[in-house]
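Participant: Just one file: coords-v1.tsv, with TSV, C-alpha atoms (C1' of nucleotides).
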```
chain	number	residue	atom	x	y	z
A	344	MET	CA	0.00	0.00	0.00
A	345	PRO	CA	2.28	2.76	-1.20
A	346	LEU	CA	0.87	5.64	0.75
A	347	PRO	CA	2.99	8.74	0.69
A	348	ARG	CA	4.24	8.26	4.20
A	349	GLU	CA	3.98	4.84	5.65
A	350	TYR	CA	4.75	3.61	9.09
A	351	THR	CA	5.71	0.14	8.00
A	352	GLY	CA	5.27	-2.73	10.39
A	353	GLU	CA	3.11	-0.75	12.75
A	354	ASP	CA	-0.06	-2.82	13.01
A	355	CYS	CA	-1.52	-0.02	14.98
A	356	ALA	CA	-4.62	2.07	14.65
A	357	ILE	CA	-2.80	5.34	15.22
A	358	ALA	CA	-0.19	4.56	12.60
A	359	ARG	CA	-2.95	3.70	10.13
A	360	ALA	CA	-4.78	6.93	10.91
A	361	LEU	CA	-1.65	9.03	10.63
A	362	GLU	CA	-0.75	7.57	7.28
A	363	ILE	CA	-3.90	9.18	5.96
A	364	ILE	CA	-4.49	12.33	7.96
A	365	GLY	CA	-1.05	12.79	9.48
A	366	GLU	CA	0.52	14.50	6.51
A	367	ARG	CA	1.29	18.13	6.50
A	368	TRP	CA	-1.79	20.28	5.77
A	369	THR	CA	-4.31	17.45	5.82
A	370	LEU	CA	-5.87	18.13	9.22
A	371	LEU	CA	-5.99	21.85	8.50
A	372	ILE	CA	-7.98	21.06	5.37
A	373	VAL	CA	-10.32	18.88	7.38
A	374	ARG	CA	-10.72	21.60	9.99
A	375	ASP	CA	-11.57	24.16	7.31
A	376	ALA	CA	-14.09	21.71	5.91
A	377	PHE	CA	-15.78	21.57	9.33
A	378	HIS	CA	-15.91	25.35	9.16
A	379	GLY	CA	-17.82	25.17	5.90
A	380	VAL	CA	-15.02	25.67	3.41
A	381	ALA	CA	-15.63	23.58	0.31
A	382	ARG	CA	-14.05	25.09	-2.80
A	383	PHE	CA	-10.55	24.39	-4.02
A	384	SER	CA	-9.78	28.08	-4.25
A	385	ASP	CA	-11.09	28.80	-0.77
A	386	PHE	CA	-8.86	26.16	0.81
A	387	ARG	CA	-6.04	27.52	-1.28
A	388	ASP	CA	-6.53	31.15	-0.34
A	389	HIS	CA	-7.25	30.55	3.31
A	390	LEU	CA	-4.42	28.12	4.03
A	391	ALA	CA	-1.85	29.46	1.54
A	392	ILE	CA	-1.12	25.90	0.59
A	393	PRO	CA	0.64	25.10	-2.70
A	394	ARG	CA	-1.79	24.02	-5.41
A	395	ALA	CA	-0.08	20.74	-6.12
A	396	VAL	CA	-0.20	19.74	-2.48
A	397	LEU	CA	-3.84	20.74	-2.11
A	398	THR	CA	-4.73	18.68	-5.17
A	399	GLU	CA	-2.93	15.67	-3.79
A	400	ARG	CA	-4.41	15.96	-0.32
A	401	LEU	CA	-7.97	16.44	-1.51
A	402	ASN	CA	-7.65	13.46	-3.82
A	403	LEU	CA	-6.37	11.34	-0.97
A	404	LEU	CA	-9.19	12.45	1.30
A	405	VAL	CA	-11.73	11.63	-1.40
A	406	GLU	CA	-10.11	8.25	-2.10
A	407	HIS	CA	-10.41	7.38	1.55
A	408	GLY	CA	-14.02	8.46	1.75
A	409	ILE	CA	-13.27	11.26	4.17
A	410	MET	CA	-14.48	13.94	1.80
A	411	SER	CA	-16.59	13.66	-1.28
A	412	ARG	CA	-16.47	15.78	-4.35
A	413	VAL	CA	-19.85	17.05	-5.42
A	414	THR	CA	-20.98	19.47	-8.07
A	415	ALA	CA	-22.75	22.32	-6.36
A	416	GLY	CA	-25.73	24.29	-7.61
A	417	SER	CA	-23.35	26.95	-8.89
A	418	GLY	CA	-21.90	24.33	-11.23
A	419	ARG	CA	-18.62	24.36	-9.30
A	420	ASP	CA	-17.25	21.31	-7.60
A	421	GLU	CA	-17.10	21.31	-3.85
A	422	TYR	CA	-15.39	19.07	-1.35
A	423	VAL	CA	-17.51	18.17	1.65
A	424	LEU	CA	-16.96	15.91	4.63
A	425	THR	CA	-18.58	12.49	4.54
A	426	PRO	CA	-19.89	10.88	7.75
A	427	LYS	CA	-16.52	9.14	8.06
A	428	GLY	CA	-14.83	12.51	7.74
A	429	GLN	CA	-17.16	14.06	10.30
A	430	GLU	CA	-16.08	11.40	12.76
A	431	LEU	CA	-12.73	13.16	12.83
A	432	TRP	CA	-14.35	15.94	14.82
A	433	SER	CA	-13.20	14.64	18.19
A	434	THR	CA	-9.64	14.53	16.88
A	435	VAL	CA	-9.87	18.05	15.50
A	436	TRP	CA	-11.49	19.33	18.68
A	437	SER	CA	-8.96	17.72	21.01
A	438	LEU	CA	-6.01	19.03	19.04
A	439	GLN	CA	-7.58	22.45	18.93
A	440	SER	CA	-8.31	22.49	22.65
A	441	TRP	CA	-4.80	21.43	23.53
A	442	GLY	CA	-3.26	23.95	21.16
A	443	ALA	CA	-5.52	26.71	22.46
A	444	LYS	CA	-4.79	25.94	26.10
A	445	TYR	CA	-1.04	26.11	25.69
A	446	TYR	CA	-0.38	28.33	22.70
A	447	VAL	CA	-3.22	30.79	22.16
A	448	PRO	CA	-3.83	33.65	24.63
A	449	GLU	CA	-7.34	33.55	26.02
A	450	ASN	CA	-8.43	36.76	24.36
A	451	ARG	CA	-7.56	35.35	20.98
A	452	ARG	CA	-9.36	32.06	21.27
A	453	ARG	CA	-12.50	31.38	19.34
A	454	ALA	CA	-15.50	30.52	21.46
A	455	TYR	CA	-18.00	27.85	20.48
A	456	ILE	CA	-21.57	27.74	21.62
A	457	HIS	CA	-24.05	24.90	21.62
A	458	THR	CA	-26.51	26.02	18.97
A	459	GLY	CA	-29.41	24.18	20.58
A	460	CYS	CA	-29.23	25.70	24.04
A	461	GLY	CA	-26.90	28.65	23.58
A	462	GLY	CA	-24.45	27.43	26.24
A	463	ALA	CA	-20.72	27.93	25.97
A	464	VAL	CA	-18.68	24.87	25.08
A	465	ALA	CA	-15.68	24.15	27.33
A	466	LEU	CA	-12.30	22.83	26.23
A	467	ASP	CA	-13.44	19.28	26.96
A	468	GLY	CA	-16.22	19.65	24.40
A	469	ARG	CA	-19.01	19.73	26.94
A	470	CYS	CA	-21.76	22.36	26.90
A	471	GLU	CA	-21.58	24.29	30.14
A	472	THR	CA	-25.32	24.81	30.18
A	473	CYS	CA	-26.83	21.45	29.27
A	474	ASP	CA	-23.76	19.23	29.82
A	475	ALA	CA	-24.19	17.52	26.44
A	476	GLN	CA	-21.27	16.94	24.08
A	477	PRO	CA	-22.68	18.55	20.94
A	478	ARG	CA	-21.90	17.08	17.53
A	479	PRO	CA	-20.08	19.48	15.20
A	480	GLY	CA	-23.26	20.39	13.32
A	481	ASP	CA	-24.74	21.71	16.56
A	482	LEU	CA	-21.90	24.11	17.24
A	483	THR	CA	-21.69	27.78	16.39
A	484	MET	CA	-18.25	29.28	16.20
A	485	LEU	CA	-17.86	32.87	17.32
A	486	PRO	CA	-15.22	35.24	15.97
A	487	ARG	CA	-12.15	35.85	18.10
A	488	PRO	CA	-12.49	38.59	20.74
A	489	THR	CA	-9.32	40.22	19.41
A	490	VAL	CA	-7.40	39.40	16.29
A	491	SER	CA	-3.72	39.60	15.56
A	492	PRO	CA	-2.59	42.08	12.89
A	493	VAL	CA	-1.65	39.15	10.66
A	494	ILE	CA	-5.21	37.88	10.68
A	495	ALA	CA	-6.82	41.29	10.46
A	496	ALA	CA	-5.00	41.85	7.18
A	497	LYS	CA	-6.59	38.81	5.58
A	498	THR	CA	-9.34	39.58	3.15
A	499	ASP	CA	-10.04	36.25	1.50
A	500	PRO	CA	-13.69	35.13	1.50
A	501	VAL	CA	-13.06	32.50	4.14
A	502	SER	CA	-11.44	34.82	6.64
A	503	ARG	CA	-14.26	37.30	6.15
A	504	ALA	CA	-16.92	34.63	6.53
A	505	LEU	CA	-15.35	33.43	9.75
A	506	SER	CA	-15.30	36.90	11.28
A	507	VAL	CA	-19.01	36.58	12.06
A	508	PRO	CA	-20.70	33.80	14.07
A	509	HIS	CA	-20.93	30.70	11.93
A	510	ARG	CA	-22.50	27.31	12.38
A	511	LEU	CA	-20.16	24.42	11.67
A	512	LEU	CA	-20.68	22.17	8.68
A	513	THR	CA	-22.74	24.81	6.95
A	514	PRO	CA	-21.26	26.45	3.85
A	515	ILE	CA	-19.56	29.74	4.50
A	516	GLU	CA	-21.45	32.91	3.66
A	517	ARG	CA	-19.84	34.35	0.58
A	518	THR	CA	-20.00	38.14	0.94
A	519	HIS	CA	-20.10	39.75	-2.46
A	520	THR	CA	-16.69	40.59	-3.80
B	1246	MET	CA	9.51	31.05	15.80
B	1247	PRO	CA	11.45	28.91	13.39
B	1248	LEU	CA	9.89	25.55	14.12
B	1249	PRO	CA	10.74	22.83	11.68
B	1250	ARG	CA	7.43	23.01	9.90
B	1251	GLU	CA	5.45	26.16	10.32
B	1252	TYR	CA	1.99	27.00	9.19
B	1253	THR	CA	2.71	30.66	8.79
B	1254	GLY	CA	-0.06	33.14	9.22
B	1255	GLU	CA	-2.40	30.61	10.76
B	1256	ASP	CA	-3.35	32.18	14.07
B	1257	CYS	CA	-5.12	29.01	14.89
B	1258	ALA	CA	-4.93	26.58	17.74
B	1259	ILE	CA	-4.78	23.54	15.49
B	1260	ALA	CA	-1.98	24.97	13.41
B	1261	ARG	CA	-0.03	25.72	16.59
B	1262	ALA	CA	-0.60	22.21	17.89
B	1263	LEU	CA	0.38	20.60	14.61
B	1264	GLU	CA	3.59	22.58	14.40
B	1265	ILE	CA	4.68	20.71	17.51
B	1266	ILE	CA	3.06	17.30	17.41
B	1267	GLY	CA	2.11	17.15	13.74
B	1268	GLU	CA	5.47	16.03	12.44
B	1269	ARG	CA	6.09	12.54	11.26
B	1270	TRP	CA	6.67	10.11	14.17
B	1271	THR	CA	5.90	12.55	16.95
B	1272	LEU	CA	2.46	11.25	17.89
B	1273	LEU	CA	3.66	7.67	17.69
B	1274	ILE	CA	6.36	8.55	20.18
B	1275	VAL	CA	3.76	10.13	22.45
B	1276	ARG	CA	1.53	7.08	22.13
B	1277	ASP	CA	4.39	4.78	23.06
B	1278	ALA	CA	5.10	6.99	26.03
B	1279	PHE	CA	1.51	6.50	27.20
B	1280	HIS	CA	2.18	2.79	26.91
B	1281	GLY	CA	5.11	3.08	29.29
B	1282	VAL	CA	7.98	3.28	26.84
B	1283	ALA	CA	10.66	5.62	28.17
B	1284	ARG	CA	14.14	4.73	26.90
B	1285	PHE	CA	15.69	6.05	23.73
B	1286	SER	CA	16.54	2.56	22.57
B	1287	ASP	CA	13.05	1.25	23.25
B	1288	PHE	CA	11.42	3.95	21.16
B	1289	ARG	CA	14.03	3.24	18.52
B	1290	ASP	CA	13.56	-0.50	18.45
B	1291	HIS	CA	9.79	-0.43	18.66
B	1292	LEU	CA	9.12	2.25	16.08
B	1293	ALA	CA	12.09	1.57	13.79
B	1294	ILE	CA	12.63	5.31	13.63
B	1295	PRO	CA	16.00	6.71	12.49
B	1296	ARG	CA	18.16	7.76	15.40
B	1297	ALA	CA	18.64	11.30	14.20
B	1298	VAL	CA	14.91	11.85	13.90
B	1299	LEU	CA	14.21	10.34	17.30
B	1300	THR	CA	16.81	12.61	18.87
B	1301	GLU	CA	15.27	15.63	17.24
B	1302	ARG	CA	11.70	14.74	18.14
B	1303	LEU	CA	12.47	13.92	21.76
B	1304	ASN	CA	14.37	17.17	22.14
B	1305	LEU	CA	11.45	19.09	20.70
B	1306	LEU	CA	9.00	17.34	23.01
B	1307	VAL	CA	11.21	18.13	26.01
B	1308	GLU	CA	11.65	21.76	24.91
B	1309	HIS	CA	7.90	22.12	24.77
B	1310	GLY	CA	7.36	20.56	28.16
B	1311	ILE	CA	5.47	17.60	26.73
B	1312	MET	CA	8.01	15.10	27.97
B	1313	SER	CA	10.72	15.46	30.51
B	1314	ARG	CA	14.06	13.75	30.60
B	1315	VAL	CA	14.84	12.16	33.92
B	1316	THR	CA	17.64	9.95	35.11
B	1317	ALA	CA	16.15	6.68	36.28
B	1318	GLY	CA	17.30	4.51	39.14
B	1319	SER	CA	19.21	2.38	36.67
B	1320	GLY	CA	21.32	5.44	35.88
B	1321	ARG	CA	19.86	5.61	32.39
B	1322	ASP	CA	17.91	8.58	31.16
B	1323	GLU	CA	14.23	8.15	30.49
B	1324	TYR	CA	11.70	10.30	28.71
B	1325	VAL	CA	8.34	10.53	30.44
B	1326	LEU	CA	5.17	12.47	29.72
B	1327	THR	CA	4.57	15.63	31.73
B	1328	PRO	CA	1.03	16.63	32.72
B	1329	LYS	CA	0.93	18.77	29.58
B	1330	GLY	CA	1.92	15.73	27.56
B	1331	GLN	CA	-0.68	13.59	29.28
B	1332	GLU	CA	-3.31	16.05	28.16
B	1333	LEU	CA	-2.70	14.77	24.66
B	1334	TRP	CA	-4.48	11.59	25.64
B	1335	SER	CA	-7.80	12.61	24.15
B	1336	THR	CA	-6.06	13.36	20.86
B	1337	VAL	CA	-4.26	10.04	20.87
B	1338	TRP	CA	-7.41	8.19	21.83
B	1339	SER	CA	-9.58	9.81	19.20
B	1340	LEU	CA	-7.07	9.15	16.44
B	1341	GLN	CA	-6.71	5.60	17.58
B	1342	SER	CA	-10.45	5.03	17.74
B	1343	TRP	CA	-10.99	6.44	14.28
B	1344	GLY	CA	-8.11	4.47	12.83
B	1345	ALA	CA	-9.30	1.28	14.50
B	1346	LYS	CA	-12.88	1.69	13.35
B	1347	TYR	CA	-11.94	2.11	9.70
B	1348	TYR	CA	-8.62	0.36	9.24
B	1349	VAL	CA	-8.13	-2.38	11.81
B	1350	PRO	CA	-10.23	-5.57	11.70
B	1351	GLU	CA	-12.09	-6.12	14.94
B	1352	ASN	CA	-10.17	-9.25	15.88
B	1353	ARG	CA	-6.92	-7.33	15.73
B	1354	ARG	CA	-7.91	-4.37	17.83
B	1355	ARG	CA	-6.53	-3.90	21.27
B	1356	ALA	CA	-9.14	-3.73	24.00
B	1357	TYR	CA	-8.88	-1.33	26.92
B	1358	ILE	CA	-10.50	-1.84	30.27
B	1359	HIS	CA	-11.21	0.61	33.05
B	1360	THR	CA	-8.77	-0.51	35.71
B	1361	GLY	CA	-11.00	0.71	38.54
B	1362	CYS	CA	-14.17	-1.18	37.66
B	1363	GLY	CA	-12.99	-3.70	35.10
B	1364	GLY	CA	-15.44	-2.49	32.45
B	1365	ALA	CA	-14.61	-2.44	28.75
B	1366	VAL	CA	-13.88	0.97	27.24
B	1367	ALA	CA	-15.81	1.80	24.06
B	1368	LEU	CA	-14.45	3.71	21.07
B	1369	ASP	CA	-15.82	6.94	22.49
B	1370	GLY	CA	-13.62	6.51	25.57
B	1371	ARG	CA	-16.48	5.73	27.92
B	1372	CYS	CA	-16.45	2.79	30.31
B	1373	GLU	CA	-19.34	0.52	29.41
B	1374	THR	CA	-19.80	-0.51	33.01
B	1375	CYS	CA	-19.57	2.69	35.02
B	1376	ASP	CA	-20.01	5.24	32.20
B	1377	ALA	CA	-17.00	7.26	33.32
B	1378	GLN	CA	-14.36	8.53	30.92
B	1379	PRO	CA	-11.23	7.13	32.56
B	1380	ARG	CA	-7.98	9.08	32.49
B	1381	PRO	CA	-5.13	7.24	30.77
B	1382	GLY	CA	-3.59	6.15	34.05
B	1383	ASP	CA	-6.76	4.27	34.86
B	1384	LEU	CA	-6.73	2.21	31.69
B	1385	THR	CA	-5.36	-1.27	31.19
B	1386	MET	CA	-4.51	-2.25	27.65
B	1387	LEU	CA	-5.05	-5.86	26.66
B	1388	PRO	CA	-3.04	-7.66	23.99
B	1389	ARG	CA	-4.65	-8.09	20.58
B	1390	PRO	CA	-6.90	-11.15	20.23
B	1391	THR	CA	-4.95	-12.16	17.12
B	1392	VAL	CA	-1.74	-10.73	15.79
B	1393	SER	CA	-0.50	-10.35	12.26
B	1394	PRO	CA	2.63	-12.30	11.29
B	1395	VAL	CA	4.53	-9.02	11.04
B	1396	ILE	CA	3.85	-8.27	14.68
B	1397	ALA	CA	4.31	-11.82	15.89
B	1398	ALA	CA	7.87	-11.73	14.56
B	1399	LYS	CA	8.80	-8.74	16.70
B	1400	THR	CA	10.93	-9.59	19.68
B	1401	ASP	CA	12.01	-6.22	21.00
B	1402	PRO	CA	11.37	-5.60	24.71
B	1403	VAL	CA	8.49	-3.25	24.02
B	1404	SER	CA	6.57	-5.61	21.76
B	1405	ARG	CA	7.03	-8.38	24.31
B	1406	ALA	CA	5.92	-6.18	27.19
B	1407	LEU	CA	2.79	-5.15	25.29
B	1408	SER	CA	1.79	-8.74	24.61
B	1409	VAL	CA	0.47	-9.02	28.14
B	1410	PRO	CA	-2.11	-6.77	29.84
B	1411	HIS	CA	-0.47	-3.52	30.76
B	1412	ARG	CA	-1.59	-0.45	32.63
B	1413	LEU	CA	-0.99	2.80	30.79
B	1414	LEU	CA	1.57	5.31	32.02
B	1415	THR	CA	3.38	2.63	34.00
B	1416	PRO	CA	6.84	1.61	32.83
B	1417	ILE	CA	6.90	-1.49	30.67
B	1418	GLU	CA	7.92	-4.77	32.27
B	1419	ARG	CA	11.34	-5.60	30.99
B	1420	THR	CA	11.52	-9.38	30.64
B	1421	HIS	CA	15.07	-10.58	31.09
B	1422	THR	CA	16.94	-10.85	27.81
C	863	DA	C1'	-13.61	36.03	-30.42
C	864	DT	C1'	-11.54	37.52	-26.19
C	865	DT	C1'	-10.98	37.68	-21.41
C	866	DA	C1'	-10.89	36.06	-16.78
C	867	DG	C1'	-10.81	33.01	-13.29
C	868	DA	C1'	-11.07	28.09	-11.33
C	869	DG	C1'	-8.66	24.20	-10.91
C	870	DG	C1'	-5.38	21.95	-12.13
C	871	DT	C1'	-0.19	19.99	-13.93
C	872	DT	C1'	4.79	20.45	-14.43
C	873	DC	C1'	9.26	21.46	-12.96
C	874	DA	C1'	13.58	23.03	-10.63
C	875	DA	C1'	15.14	24.43	-6.05
C	876	DT	C1'	14.78	23.64	-1.29
C	877	DC	C1'	14.03	21.14	2.80
C	878	DA	C1'	13.17	16.80	5.57
C	879	DT	C1'	13.91	11.99	6.09
C	880	DT	C1'	16.49	7.84	5.73
C	881	DG	C1'	20.11	4.31	6.75
C	882	DA	C1'	24.69	3.58	7.41
C	883	DA	C1'	28.91	4.78	9.41
C	884	DC	C1'	31.22	7.06	12.90
C	885	DT	C1'	31.79	9.14	17.85
C	886	DT	C1'	31.29	9.66	22.76
C	887	DG	C1'	30.57	8.38	27.57
C	888	DC	C1'	29.95	5.16	30.91
C	889	DA	C1'	30.35	0.69	33.26
C	890	DA	C1'	31.86	-4.03	33.88
C	891	DG	C1'	35.33	-7.61	33.32
C	892	DG	C1'	39.87	-9.15	33.12
D	349	DC	C1'	44.85	0.04	33.81
D	350	DC	C1'	43.17	-1.65	29.44
D	351	DT	C1'	39.66	-3.52	26.82
D	352	DT	C1'	35.05	-4.61	25.47
D	353	DG	C1'	30.36	-3.55	24.98
D	354	DC	C1'	26.47	-0.91	24.73
D	355	DA	C1'	23.37	3.35	24.90
D	356	DA	C1'	22.79	7.44	22.83
D	357	DG	C1'	24.07	10.36	19.93
D	358	DT	C1'	26.19	12.99	15.50
D	359	DT	C1'	27.43	13.21	10.64
D	360	DC	C1'	26.67	12.58	5.94
D	361	DA	C1'	25.29	11.20	1.18
D	362	DA	C1'	21.14	9.56	-1.15
D	363	DT	C1'	16.35	9.76	-1.42
D	364	DG	C1'	11.78	11.65	-1.05
D	365	DA	C1'	8.46	15.53	-0.05
D	366	DT	C1'	7.34	20.35	-0.28
D	367	DT	C1'	7.51	24.77	-2.32
D	368	DG	C1'	6.63	28.62	-5.61
D	369	DA	C1'	6.48	29.86	-10.14
D	370	DA	C1'	5.06	29.05	-14.69
D	371	DC	C1'	2.14	26.90	-17.73
D	372	DC	C1'	-2.29	24.55	-19.32
D	373	DT	C1'	-7.36	23.77	-20.00
D	374	DC	C1'	-12.02	24.38	-19.35
D	375	DT	C1'	-16.11	27.23	-18.66
D	376	DA	C1'	-18.86	31.37	-18.42
D	377	DA	C1'	-19.34	36.17	-19.33
D	378	DT	C1'	-18.41	40.18	-22.13
```
Can I see the file as structure tokens?
Facilitator:
Amino acid sequence: MPLPREYTGEDCAIARALEIIGERWTLLIVRDAFHGVARFSDFRDHLAIPRAVLTERLNLLVEHGIMSRVTAGSGRDEYVLTPKGQELWSTVWSLQSWGAKYYVPENRRRAYIHTGCGGAVALDGRCETCDAQPRPGDLTMLPRPTVSPVIAAKTDPVSRALSVPHRLLTPIERTHT
Amino acid sequence: MPLPREYTGEDCAIARALEIIGERWTLLIVRDAFHGVARFSDFRDHLAIPRAVLTERLNLLVEHGIMSRVTAGSGRDEYVLTPKGQELWSTVWSLQSWGAKYYVPENRRRAYIHTGCGGAVALDGRCETCDAQPRPGDLTMLPRPTVSPVIAAKTDPVSRALSVPHRLLTPIERTHT
DNA sequence: ATTAGAGGTTCAATCATTGAACTTGCAAGG
DNA sequence: CCTTGCAAGTTCAATGATTGAACCTCTAAT
């Protein structure tokens, strides 16, 4: 199985998982997909990822049934998470929580609220109001309280769409350019 | 911050996390550490990772306070997870669960039991008996029901130690060579 | 018919990884 | 004291992955 980066001999679930989603950029693509990003150019512009790499990664994700490529109403192809891809949410969330706790100052962290009940979601993924662990589709992501100059300078459609509250797994709102 | 692999411009918790633990081998090292692996040579032998890379990754993990290097009673240095490193458990678990569900046949998956109550732990990390979500130190990992020929041929101390039930975060039992 | 932009592919330069060979430091045995 | 052995590195040439720039092709609008 000539995957790009194998961990040969490791008959281990983590090694298997990392062979697929452990490559550079892949989990950032998946995260953006949770945020509603779907077009090739939007991934490209938001992540500043080389085209060739984005092509390769998206193809791999589609091959593995993590994303599927569908032709949208606009006639343009979009890449969306399959159920198997959506099951990566706990991985994405746990990485994000850990990274936020140790590397992002509190006033620059995004807050998430449980769309159903409006409660804040803690780092462990639990709604502080109703104690449920909402699925990604039931989360609304709020913009950061303060943004770094680097981010503030970004004007691509994705960055703009994510500067207002946004429900996960719903396509980003494309403000007219 | 000239980390080996940056995701420049991404003021994002996941990007920060991946800069540190997203490199090839790093999460497998962390996983092995949860399993009680601590010596340079044991990581080396079990993962078949090039020495130079292992050196670099361990140094990075120590620099970031994810592991600490301590001199054991034997006089040999050991690398052990810090509390910050142990907080990566949910990431490791979620990756492992996802990888197991989709890429490891059921009869080759390792089972985990809640050491306190003896209940089986489901893919979502919950104890099926007491419904708690045990911390890694309260988990006992069982050997695989069946092993592939590749694994059966391994005779390094780590593979041998993990072929019997083993409590996480406790040093592996070193059977006399 | 021309233009523009999306979504690629191709390619040379750079950077990371690999495996093998070499080095260092310690500890035990003779 | 001298040697041997081993853990834990370091170094280095060959290989493989990533990057950024340039080019290509298709479609839709002017």
Participant: Which polymer residues have any atom within 12 Å of an atom of Gly1364 in chain B, counting all atoms listed in the file, with same-chain residues fewer than 2 positions away left out, as an mmCIF file with C-alpha atoms, keeping the file's coordinate frame?
Facilitator:
```cif
data_model
loop_
_atom_site.group_PDB
_atom_site.id
_atom_site.type_symbol
_atom_site.label_atom_id
_atom_site.label_comp_id
_atom_site.auth_asym_id
_atom_site.auth_seq_id
_atom_site.Cartn_x
_atom_site.Cartn_y
_atom_site.Cartn_z
ATOM 1 C CA ALA B 1356 -9.140 -3.730 24.000
ATOM 2 C CA TYR B 1357 -8.880 -1.330 26.920
ATOM 3 C CA ILE B 1358 -10.500 -1.840 30.270
ATOM 4 C CA HIS B 1359 -11.210 0.610 33.050
ATOM 5 C CA THR B 1360 -8.770 -0.510 35.710
ATOM 6 C CA GLY B 1361 -11.000 0.710 38.540
ATOM 7 C CA CYS B 1362 -14.170 -1.180 37.660
ATOM 8 C CA VAL B 1366 -13.880 0.970 27.240
ATOM 9 C CA ALA B 1367 -15.810 1.800 24.060
ATOM 10 C CA GLY B 1370 -13.620 6.510 25.570
ATOM 11 C CA ARG B 1371 -16.480 5.730 27.920
ATOM 12 C CA CYS B 1372 -16.450 2.790 30.310
ATOM 13 C CA GLU B 1373 -19.340 0.520 29.410
ATOM 14 C CA THR B 1374 -19.800 -0.510 33.010
ATOM 15 C CA CYS B 1375 -19.570 2.690 35.020
ATOM 16 C CA ASP B 1376 -20.010 5.240 32.200
ATOM 17 C CA ALA B 1377 -17.000 7.260 33.320
ATOM 18 C CA GLN B 1378 -14.360 8.530 30.920
ATOM 19 C CA PRO B 1379 -11.230 7.130 32.560
ATOM 20 C CA ASP B 1383 -6.760 4.270 34.860
ATOM 21 C CA LEU B 1384 -6.730 2.210 31.690
ATOM 22 C CA THR B 1385 -5.360 -1.270 31.190
ATOM 23 C CA MET B 1386 -4.510 -2.250 27.650
#
```
Participant: Report as JSON, numbers by chain all protein, DNA and RNA residues lying within 9 Å of range 872-880 of chain C, evaluated on only C-alpha atoms (C1' of nucleotides), omitting residues in the same chain fewer than 5 positions from it.
Facilitator: {"B": [1249, 1295, 1298], "D": [362, 363, 364, 365, 366, 367, 370, 371]}
Participant: Restricting the calculation to only C-alpha atoms: of B:Ile1294, B:Val1282, B:Ile1274, B:Val1307, which residue gets closest to Leu1407 in chain B?
Facilitator: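 Using only C-alpha atoms, Leu1407 in chain B sits closest to B:Val1282.
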Participant: Please find the residues of chain D near chain B - the criterion being any atom within 10 Å, counting only C-alpha atoms (C1' of nucleotides) - and write them as a PyMOL selection string.
Facilitator: chain D and resi 355-359
Participant: At a cut-off of 8 Å, which residues of chain C touch chain A? Count all atoms listed in the file and give the answer as a list in words.
Facilitator: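 Here they are: DA868, DG869, DG870 and DT871 of chain C.
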Participant: Quick one: of A:Trp441, A:Met410, A:Arg359, A:Ala504, who's nearest to Gln1331 in chain B, counting all atoms listed in the file?
Facilitator: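 Closest residue, counting all atoms listed in the file: A:Trp441.
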